[in-house]
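Working notes, structure below.
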Amino acid sequence: METTAPGSARGDAGSDAKGSFGPVDCRKAKCIALTFDAGPAEATPHLLDILKKEKVHATFFLLGKNHVKKHPEIVRRIAAEGHEVANHTWSHEILTDKKPAEIRAELKKTQDAIEAITGKKPRLMRPPQGRTDDTVSGISKDLGLSQILWNATAKDYSTTDSALIKKRILDQATKDGIILLHDIYKGSVPAVPGIIEELKKRGYTFVTVPELMAPAEPVPGTIYRP
């Protein structure tokens, strides 16, 4: 599938582009986006405490079933504290294995559940395992959703070693990069303070995914990958 890098989207933005900047202009600054998949979960409030202390805004790709529906107060807090609330499907099914009506339901049910809690529909989604195709892209476009992939992952589903998770992310971090972690796994949240501290030392500013693209705005249906 053809993908667009956030930096390329930024560079192609017209003079009338209306994307909102974060703490810096990523055309000039060294930016990186921290993203979390498959929550909210029991560890998410602690993660939010860490992000608040560090003055970092992240992007949360939330699961509908057993997560958004189970923890509406955490979803509300994520939005209230300035993070980007995004869609990670209803039940983490592989979308490319599904019929069009099933794909639409997986995305729309989560859209509706998040909107009922926050008052806003997400504008970003992340397909489980990053697996997408033309059908998924078309339905995402219909629902107003851009698709967001990543370039730095700790494979934190396979280890509880926070030091290893931190090392893997730091080894892969790049300007205009998108970091993928999960706030549902035991080793991930404890790794976050060290990741933030070291990347700040390296001159990075943390932004949400839309802020990484500003002044461009995420285009529904488009697949973004650094």
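If you're wondering about the labels, chains in the structure tokens are A, B, ... by order shown, residues count from 1 in each chain, ligands from 1 in order shown.
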>> Give me, as a ChimeraX atom specification, all polymer residues having an atom no more than 8 Å from range 99-109 of chain A, counting only C-alpha atoms and skipping those fewer than 4 positions away in the same chain.
In response: /A:64,87-91,93,95,113,135-136,139-140,143
With C-alpha atoms retained, could you export that selection as a PDB file, in the first residue's frame?
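Below you can see out_18.pdb, which holds the result:
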ATOM      1  CA  GLY A  64     -13.929  -0.093  21.950  1.00  0.00           C
ATOM      2  CA  ASN A  87      -9.676   4.618  16.977  1.00  0.00           C
ATOM      3  CA  HIS A  88      -8.103   1.121  17.163  1.00  0.00           C
ATOM      4  CA  THR A  89     -11.300  -0.760  16.184  1.00  0.00           C
ATOM      5  CA  TRP A  90     -13.934  -2.353  18.383  1.00  0.00           C
ATOM      6  CA  SER A  91     -12.451  -5.782  19.058  1.00  0.00           C
ATOM      7  CA  GLU A  93      -9.993  -8.003  14.568  1.00  0.00           C
ATOM      8  CA  LEU A  95      -9.616  -5.753   9.169  1.00  0.00           C
ATOM      9  CA  ALA A 113     -18.578   5.104  21.668  1.00  0.00           C
ATOM     10  CA  THR A 135     -11.263  -1.713   1.106  1.00  0.00           C
ATOM     11  CA  VAL A 136     -10.145  -0.638   4.588  1.00  0.00           C
ATOM     12  CA  ILE A 139     -14.245   2.701   4.500  1.00  0.00           C
ATOM     13  CA  SER A 140     -11.838   4.765   6.603  1.00  0.00           C
ATOM     14  CA  LEU A 143     -15.815   7.547   8.199  1.00  0.00           C
TER      15      LEU A 143
END
>> Show me, as a PyMOL selection string, the residues that have an atom within 12 Å of Gly7 in chain A when counting only C-alpha atoms, minus same-chain residues fewer than 6 positions from it.
In response: chain A and resi 13+25-32+174-178+209-218+224-226
